[in-house]
There are 2 protein chains.
Amino acid sequence: MSRRVTSIDWVAAKVRFIDQTLLPREELYIDTDDFRIVGEAIRSLKIRGAPAIGVAAAYGMVLAVNDGRIRTDADCAAAFNTAWTYLAQTRPTAVNLFGALARMRGAFDRSCPQGISAVRKELLSEAQCVQQEDIEACLRIGEYGAALLPPGSTILTHCNTGSLATAGEGTAQSVITTAARQGKIKRVYADETRPLFQGARLTSWELLRNDIEVTLITDSTAGYVMQQKRVSAVLVGADRIAANGDTANKIGTYSLAVLAAHHGVPLYVAAPVSTVDFATASGSNIPVEERHPDEVTHVAGQRVAAEGVTVYAPAFDVTPNDLIAAIITDRGVLRPPYTEALASLKNSLVR
Amino acid sequence: MSRRVTSIDWVAAKVRFIDQTLLPREELYIDTDDFRIVGEAIRSLKIRGAPAIGVAAAYGMVLAVNDGRIRTDADCAAAFNTAWTYLAQTRPTAVNLFGALARMRGAFDRSCPQGISAVRKELLSEAQCVQQEDIEACLRIGEYGAALLPPGSTILTHCNTGSLATAGEGTAQSVITTAARQGKIKRVYADETRPLFQGARLTSWELLRNDIEVTLITDSTAGYVMQQKRVSAVLVGADRIAANGDTANKIGTYSLAVLAAHHGVPLYVAAPVSTVDFATASGSNIPVEERHPDEVTHVAGQRVAAEGVTVYAPAFDVTPNDLIAAIITDRGVLRPPYTEALASLKNSLVR
């Protein structure tokens with residue numbers, strides 16, 4: 001039985017989202033009809049996880065055109081463009097954000113000639129599609145990924161890739177929960193994932209809710225547990241996958257990939273096709289967001305670092321394709337060489 | 001100009017130590033004539049760093065025999081043995097603890113026939129030797145290590161290996177401060193070092209006091225900064241070096257060693273000869289302490305992890321000798337093969 005959290009939803013003409021910064025201490029759901037609140041929530045990581053960000057941005061656009069002050073087609077276009085620009089600037093790395101916004105632009109362009117109410121209807125319909133597709137993608141990722149794991153698997157995972165990070169069951173975490181239902185998972189090691197503790201706060205909480213054995217470790221313990229042969233596979237999500245398979249994901253993923261390769265442990269990236277950025281040739285072209293130093297120097301409002309120290313706080317790193325054993329998508333499992341595998345996937349989407 | 005902190009000292013017949021758990025927020029010095037307070041301080045990491053633990057244990061033994069209630073030689077022997085056993089059980093990995101206690105045992109055995117006041121005098125003298133030798137070892141480590149670094153070096157370091165971790169200038173950090181005085185250090189990256197933030201709290205603070213450019217990163221950012229070619233050498237300390245060069249050090253060191261090897265960056269271990277355990281053949285024989293789960297689940301008294309999660313919290317890991325470019329000791333720089341280099345060092349000590 002899945003005890004999935006709905007991180008983002010459309011309820012009574014509002015966006016409802018859970019504030020992930022308060023979890024697991026407090027389960028607070030926020031209902032809003034203001035796209036700026038959605039955007040601020042993305043920026044401040046109340047809403048996080050590449051697929052969830054995409055869904056949130058899509059619904060944010062619906063809120064923008066639903067504004068009761070809109071009277072004319074010109075008002076509507078202006079509201080659309082303002083919100084679009086605002087939401088596009090919330091976070092730079094997760095490509096699902098831009099993918100969802102592009103889809104909403106398409107929906108707007110399609111419906112615009114029919115007037116405001118057509119726009120509203122079309123945008124809502126498109127956002128619901130983005131959400132529904134993500135729910136289904138999560139299920140398929142789970143099935144495809146679980147098939148890769150033998151019984152008795154001990155998984156190491158990083159950050160949170162669960163129902164909080166998506167509209168559905170998760171990406172890497174969907175693989176874990178699906179494999180667990182098949183009786184294949186012996187134990188999961190969850191990196192705590194500094195600086196914001198998504199592993200300690202969110203992944204641990206979600207896995208415990210699903211009755212999966214989870215052991216929390218500090219990020220720097222990952223190498224040691226691999227050295228002790230306690231890990232049979234590393235499973236991570238993705239914020240953006242380039243056309244050659246290079247993958248941007250939460251800071252620390254690259255270190256895990258090098259460690260996994262050193263220990264002969266496969267590292268699997270799990271992500272929906274919506275996380276693939278076919279327009280970006282390689283990882284070196286992926287913009288990597290830097291976060292505010294306070295996220296490193298402070299924990300729960302308390303300073304943990306020396307005053308005056310300089311901080312380097314990239315939110316993501318980029319794992320080169322040669323360190324990735326497979327990319328588990330909702331369209332199947334991709335194997336190297338990824339440039340060819342992804343090109344073929346792209347062609348299958350166009351057809 | 002060095003702005004060295006004296007972490008542990010003998011002042012007016014008492015042990016004076018700085019409570020490192022309060023740094024850098026508060027500089028609290030504690031004076032005590034109770035060996036149990038010294039032992040508790042070691043166990044709770046108020047006193048930490050392998051060489052500093054050794055010096056503290058030595059002075060703790062002096063406190064034990066100085067107890068005013070001791071009337072007879074039998075009292076003195078009983079007090080010595082009680083304190084010895086108590087201090088030996090504070091922490092299992094740092095070999096300097098056991099080395100210092102063995103030296104105090106030797107001093108006791110030597111002076112015992114001459115009565116209580118001779119024992120007191122001999123133990124104080126031996127403890128002062130342990131302290132003075134560490135101060136001098138730190139200086140020599142700094143000189144030997146700095147000679148390995150070219151101008152423009154960018155160093156990555158882990159945990160704290162400074163004046164707080166030793167009686168003197170530090171181990172790996174002495175290399176950094178010495179090289180900095182020679183104008184060779186461009187920048188230092190300090191891992192924050194979860195779970196207890198020794199890098200964020202202590203190393204950053206000490207380096208800033210010494211006017212050295214320091215950039216704080218989360219532990220899992222280390223791989224990414226190496227990938228970006230921002231690191232020319234990794235410098236770490238040691239808690240115990242086995243006879244074959246395998247090195248136990250703060251959890252995360254092994255991950256750094258694998259990452260450094262992957263990027264062709266040398267990893268140097270810096271430690272006094274007192275950290276070498278010639279009686280332990282290899283790293284697999286080094287006991288690795290596990291710490292309380294609360295150190296991972298809580299920060300500054302606040303819970304950061306989901307309730308009920310299992311935690312694996314080894315305090316150290318063991319880096320195999322083949323990932324170590326050199327071991328910088330107070331007796332010179334050792335290169336592979338370490339079994340031979342350390343055997344030859346051992347012979348030179350006996351002569």
# chains A, B, ... in the order shown; residues from 1 in each chain; ligands from 1

$ residues_around --residues "Gly115 in chain B" --least-positions-apart "5" --cutoff "9 Å" --atoms "only C-alpha atoms" --output "list in words"
Thr72, Asp73, Cys76 and Arg120 of chain B

$ write_last_selection --atoms "N, CA and C atoms" --output "PDB file, in the first residue's frame"
ATOM      1  N   THR B  72      48.994   6.728  50.526  1.00  0.00           N
ATOM      2  CA  THR B  72      49.972   5.628  50.473  1.00  0.00           C
ATOM      3  C   THR B  72      50.348   5.320  49.026  1.00  0.00           C
ATOM      4  N   ASP B  73      51.412   4.552  48.862  1.00  0.00           N
ATOM      5  CA  ASP B  73      51.817   4.098  47.529  1.00  0.00           C
ATOM      6  C   ASP B  73      50.701   3.284  46.890  1.00  0.00           C
ATOM      7  N   CYS B  76      48.126   5.513  45.538  1.00  0.00           N
ATOM      8  CA  CYS B  76      48.643   6.145  44.317  1.00  0.00           C
ATOM      9  C   CYS B  76      48.501   5.189  43.129  1.00  0.00           C
ATOM     10  N   ARG B 120      54.526  11.818  41.104  1.00  0.00           N
ATOM     11  CA  ARG B 120      53.883  13.067  40.664  1.00  0.00           C
ATOM     12  C   ARG B 120      54.818  13.882  39.769  1.00  0.00           C
TER      13      ARG B 120
END

$ interface_residues --of "chain A" --to "chain B" --cutoff "6 Å" --atoms "only C-alpha atoms" --output "list in words"
Pro24, Ala200, Arg201, Ser204, Trp205, Thr215, Leu216, Ile217, Ser220, Thr221, Gly223, Gly252, Ser255, Ala305, Ala306, Thr310, Val311 and Tyr312 of chain A

$ residues_around --residues "Leu164 in chain A" --least-positions-apart "3" --cutoff "10 Å" --atoms "only C-alpha atoms" --output "number ranges by chain"
A: 4-8, 17-20, 47-49, 51-52, 160-161, 167-170, 202-203, 206

$ closest_residue --among "B:Ala260, B:Ala94, B:Ala13, B:Ile324" --to "Ala165 in chain B" --atoms "only C-alpha atoms"
B:Ala94

$ atom_distance --atom1 "CA of Asp34 in chain B" --atom2 "CA of Leu63 in chain B"
6.2 Å

$ residues_around --residues "Pro151 in chain A" --least-positions-apart "4" --cutoff "7 Å" --atoms "only C-alpha atoms" --output "PyMOL selection string"
chain A and resi 183-185

$ write_last_selection --atoms "N, CA and C atoms" --output "tab-separated table (two decimals), in the first residue's frame"
chain	number	residue	atom	x	y	z
A	183	GLY	N	9.30	-7.11	-3.14
A	183	GLY	CA	10.11	-7.84	-2.17
A	183	GLY	C	11.59	-7.86	-2.46
A	184	LYS	N	12.05	-6.91	-3.27
A	184	LYS	CA	13.45	-6.94	-3.70
A	184	LYS	C	14.39	-6.07	-2.88
A	185	ILE	N	13.83	-5.22	-2.02
A	185	ILE	CA	14.67	-4.24	-1.33
A	185	ILE	C	14.99	-4.68	0.08

$ select_by_dssp --residues "range 148-199 of chain A" --states "alpha helix (DSSP H)" --output "list in words"
Ala172, Gln173, Ser174, Val175, Ile176, Thr177, Thr178, Ala179, Ala180, Arg181 and Gln198 of chain A

$ residues_around --residues "Arg187 in chain B" --least-positions-apart "3" --cutoff "9 Å" --atoms "only C-alpha atoms" --output "PyMOL selection string"
chain B and resi 152-156+212-215+231

$ write_last_selection --atoms "N, CA and C atoms" --output "tab-separated table (two decimals), in the first residue's frame"
chain	number	residue	atom	x	y	z
B	152	GLY	N	50.90	29.03	-5.49
B	152	GLY	CA	49.58	29.06	-6.12
B	152	GLY	C	48.73	27.86	-5.76
B	153	SER	N	49.11	27.14	-4.70
B	153	SER	CA	48.36	25.94	-4.33
B	153	SER	C	46.94	26.28	-3.87
B	154	THR	N	46.02	25.43	-4.29
B	154	THR	CA	44.64	25.50	-3.78
B	154	THR	C	44.39	24.17	-3.08
B	155	ILE	N	44.14	24.27	-1.79
B	155	ILE	CA	44.09	23.09	-0.93
B	155	ILE	C	42.64	22.80	-0.54
B	156	LEU	N	42.31	21.52	-0.53
B	156	LEU	CA	41.05	21.08	0.07
B	156	LEU	C	41.39	20.35	1.35
B	212	ILE	N	44.05	33.57	6.15
B	212	ILE	CA	44.14	32.69	4.99
B	212	ILE	C	42.76	32.61	4.33
B	213	GLU	N	42.75	32.78	3.01
B	213	GLU	CA	41.49	32.75	2.25
B	213	GLU	C	40.86	31.37	2.35
B	214	VAL	N	39.68	31.29	2.91
B	214	VAL	CA	39.04	29.99	3.07
B	214	VAL	C	37.62	30.04	2.53
B	215	THR	N	37.28	29.03	1.76
B	215	THR	CA	35.93	28.89	1.22
B	215	THR	C	35.31	27.63	1.80
B	231	VAL	N	41.20	22.38	-7.17
B	231	VAL	CA	41.97	21.83	-6.05
B	231	VAL	C	43.28	21.25	-6.57

$ residues_around --residues "range 56-60 of chain B" --least-positions-apart "6" --cutoff "9 Å" --atoms "only C-alpha atoms" --output "PyMOL selection string"
chain B and resi 8-10+14-15+17+33-39+42+47+83-84+87-88+97-98+100-101+103-104+123-124+126-128+130-131

$ select_by_dssp --residues "range 134-275 of chain A" --states "strand (DSSP E or B)" --output "PyMOL selection string"
chain A and resi 153-157+185-191+214-217+233-236+240-242+247-250+267-270

$ residues_around --residues "Ile327 in chain B" --least-positions-apart "2" --cutoff "10 Å" --atoms "only C-alpha atoms" --output "PyMOL selection string"
chain B and resi 141+145+235-238+241+245+247+267-272+321+324-325+329-330+332-336+338+341-342

$ atom_distance --atom1 "CA of Tyr29 in chain B" --atom2 "CA of Ile176 in chain B"
25.9 Å
